[in-house]
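Asks: One structure coming up, written as structure tokens, with questions to follow.
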Amino acid sequence: MPDRKLQERLLLAREVPGDRLVLEDSVLLEALSGSRALSAPQLAALQASPLTLKRFRHLALQRRRSVAGWRGSAGMLRAASTAVHRASAGQPGHRRWLLEPAFRGCRCG
Amino acid sequence: MRLPGTRYQEHGWEHVRKLLGACSLEVFRECDLHQMLDSALHAGLLDWYTDAMAHALRPVARRLRGETAGNSYGDSVAELALALLFELQAQPSFWGGFACAVVAEHARCGAFWSTEAGDGMLRKKVNDMFAVLRDKVDSDNYQAATGRDCSPNKIYTYRMLDTAYREIEGLFANWERNAGQVGAILGRELGGYPIEVRQMTSIAGCRAEWIIRWSATQEQFGGSPGPLHTRSKRFASLKNNPDKIAEMLTEIGDYEELSANQDGDWQQDAEDATVWLEDYWRVVADTNEEVSRPLSYDRAQDGAALAALQNEPLAVRLAVFQKLLGPADDSYPDDWRDPSTGELPTMQQLAVMGGVSVPTLRKRRNETIDRLYGRVN
């Protein structure tokens with residue numbers, strides 16, 4: 001999808017002197033979960049700050065990965081296989097909990 | 001050194017810097033640098049420079065693909081160099097800084113680039129431009145990854161502390177030969193093998209006062225003042241703030257451990273990379289619903305400008321993609337690519353395809369990009 005890549009570039013690759021994170025994570029996360037929409041000035045602030053948009057991007061991708069992980073997606077299976085590898089390589093056992101949800105996910109989906 | 005989000009802080013940076021320096025000297029041979037003296041020409045020169053550099057770097061990238069990693073995330077040296085070049089294109093003030101340095105040097109000693117020392121002087125200025133830019137890019141990436149404030153200066157400070165730790169590590173490894181300075185760092189007389197040498201297994205185990213004492217004793221043992229004790233006073237306030245130093249050392253150490261243990265599942269999946277745009281459009285739509293009327297916002301944000309791109313001839317469209325995403329993005333369909341290189345056609349080929357001259361194509365490409373960014377209507 002080259003168009004989407006291009007649009008991403010247009011949003012994020014802009015020079016804004018003195019740019020900084022202008023919205024709290026809690027505000028961005030509420031907007032992402034749909035529990036509380038951004039106000040018009042908040043949206044304007046987000047759109048004027050490529051740095052805050054990058055933070056938004058990071059949180060959005062993190063949220064998608066964690067949702068996908070609990071459904072037993074490839075991402076979580078990979079995490080699980082890594083955990084197996086670690087366990088067999090004698091890594092600390094407390095990481096084995098990772099196996100649980102992924103295998104449960106496998107059965108469901 | 002690794003920190004969340006950063007890409008340009010490991011040893012591979014030296015290779016990236018050298019590659020950018022060598023390619024720059026190559027492309028500057030094709031340019032009359034007197035043009036730099038006219039600030040009205042700077043934007044056009046940046047356009048020329050980024051085109052010429054991308055062209056010079058591509059064969060290197062193809063040759064070195066998968067060979068030289070520039071960091072432990074697996075980004076190759078050439079990929080990192082190209083990515084930084086694209087950052088330069090997006091952040092022209094760094095090019096402005098370079099131009100100022102060239103103008104100032106010219107005021108001191110004329111057309112220095114044609115003298116015997118010219119290459120070295122020019123390379124130094126290129127190095128400085130990319131060095132400042134990489135810290136800016138990495139401080140932005142750190143902020144995006146952590147949500148915590150950062151600055152290029154702070155990245156520089158992290159790196160100074162990391163380097164100081166490596167120096168101390170080296171002294172500790174040869175503590176017998178360096179007993180005088182190791183004793184001064186530890187703040188006691190050495191009576192045999194110092195236990196601290198065995199206890200310090202990572203940067204997280206390095207104590208802030210050791211850094212301060214190492215820096216304080218560098219003039220005596222190393223011949224020149226340590227970074228916390230130079231006349232420039234860049235880090236002068238830090239030397240009285242061991243808590244701050246300790247916090248930063250711990251952060252570097254913790255992240256190094258975390259990233260080393262996770263085998264890459266902290267890396268972002270390529271197929272994920274743009275799905276966040278769907279979240280973005282939804283969030284925009286949610287706000288519009290709240291305020292019950294559509295907001296007018298930057299054209300770059302709404303996709304309308306992108307739709308307009310579809311009306312441009314293919315040669316212009318491909319020139320735009322080449323300029324903004326590079327000639328070899330994974331997302332390009334096969335029928336866009338030149339089968340002999342696997343990349344988009346060159347500007348010369350695109351000009352032939354479009355039946356126009358290269359300067360005309362470049363002009364139309366740049367006008368389209370300005371419209372996409374909403375810089376003109």
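Letters A, B, ... mark the chains of the structure tokens in the order given; residue numbers begin at 1 per chain; ligand numbers begin at 1, in order shown.
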Kindly determine which residues of chain A lie within 8 Å of chain B, considering only C-alpha atoms, and give the answer as a count of residues only.

Replies: 40

Asks: Near Gly222 in chain B, counting only C-alpha atoms, which residues have an atom at most 12 Å away, once you skip same-chain residues fewer than 2 positions from it, shown as a PyMOL selection string?

Replies: chain B and resi 167-168+171+178+180-181+214-220+224-227

Asks: Would you pick out the contacts of range 228-238 of chain B at 8 Å or less, using only C-alpha atoms, so that residues sharing its chain but fewer than 4 positions from it are not included, and give the list as a list in words?

Replies: Thr157, Ile212, Ser215, Ala216, Pro242, Lys244 and Ile245 of chain B

Asks: How would you write, as a PyMOL selection string, the set of residues in range 175-354 of chain B that DSSP gives as helix (DSSP H, G or I)?

Replies: chain B and resi 179-186+195-199+203-205+208-222+227-229+236-240+242-261+270-272+276-290+299-302+304-309+314-325+334-336+347-354

Asks: Need to verify the contact set: Met248 in chain B, 10 Å, only C-alpha atoms, exclusion of same-chain residues closer than 2 positions in sequence. Can you return it as a PDB file with C-alpha atoms, in the first residue's frame?

Replies:
ATOM      1  CA  LYS B 154      20.068  14.659  26.532  1.00  0.00           C
ATOM      2  CA  THR B 157      24.587  13.163  27.576  1.00  0.00           C
ATOM      3  CA  TYR B 158      23.448   9.527  27.600  1.00  0.00           C
ATOM      4  CA  LEU B 161      27.909   8.536  30.128  1.00  0.00           C
ATOM      5  CA  ASP B 162      27.925   5.323  28.107  1.00  0.00           C
ATOM      6  CA  ILE B 203      26.490  -0.085  33.007  1.00  0.00           C
ATOM      7  CA  ALA B 204      23.689  -0.407  35.570  1.00  0.00           C
ATOM      8  CA  ALA B 208      27.690   7.761  39.561  1.00  0.00           C
ATOM      9  CA  PRO B 242      25.143  12.148  40.995  1.00  0.00           C
ATOM     10  CA  ASP B 243      21.471  11.174  41.343  1.00  0.00           C
ATOM     11  CA  LYS B 244      20.777  12.301  37.798  1.00  0.00           C
ATOM     12  CA  ILE B 245      23.829  10.396  36.534  1.00  0.00           C
ATOM     13  CA  ALA B 246      22.775   7.263  38.426  1.00  0.00           C
ATOM     14  CA  THR B 250      20.364   2.656  35.248  1.00  0.00           C
ATOM     15  CA  GLU B 251      18.079   3.502  32.366  1.00  0.00           C
ATOM     16  CA  ILE B 252      20.730   2.595  29.770  1.00  0.00           C
ATOM     17  CA  GLY B 253      21.515  -0.645  31.586  1.00  0.00           C
ATOM     18  CA  ASP B 254      17.903  -1.683  32.080  1.00  0.00           C
TER      19      ASP B 254
END
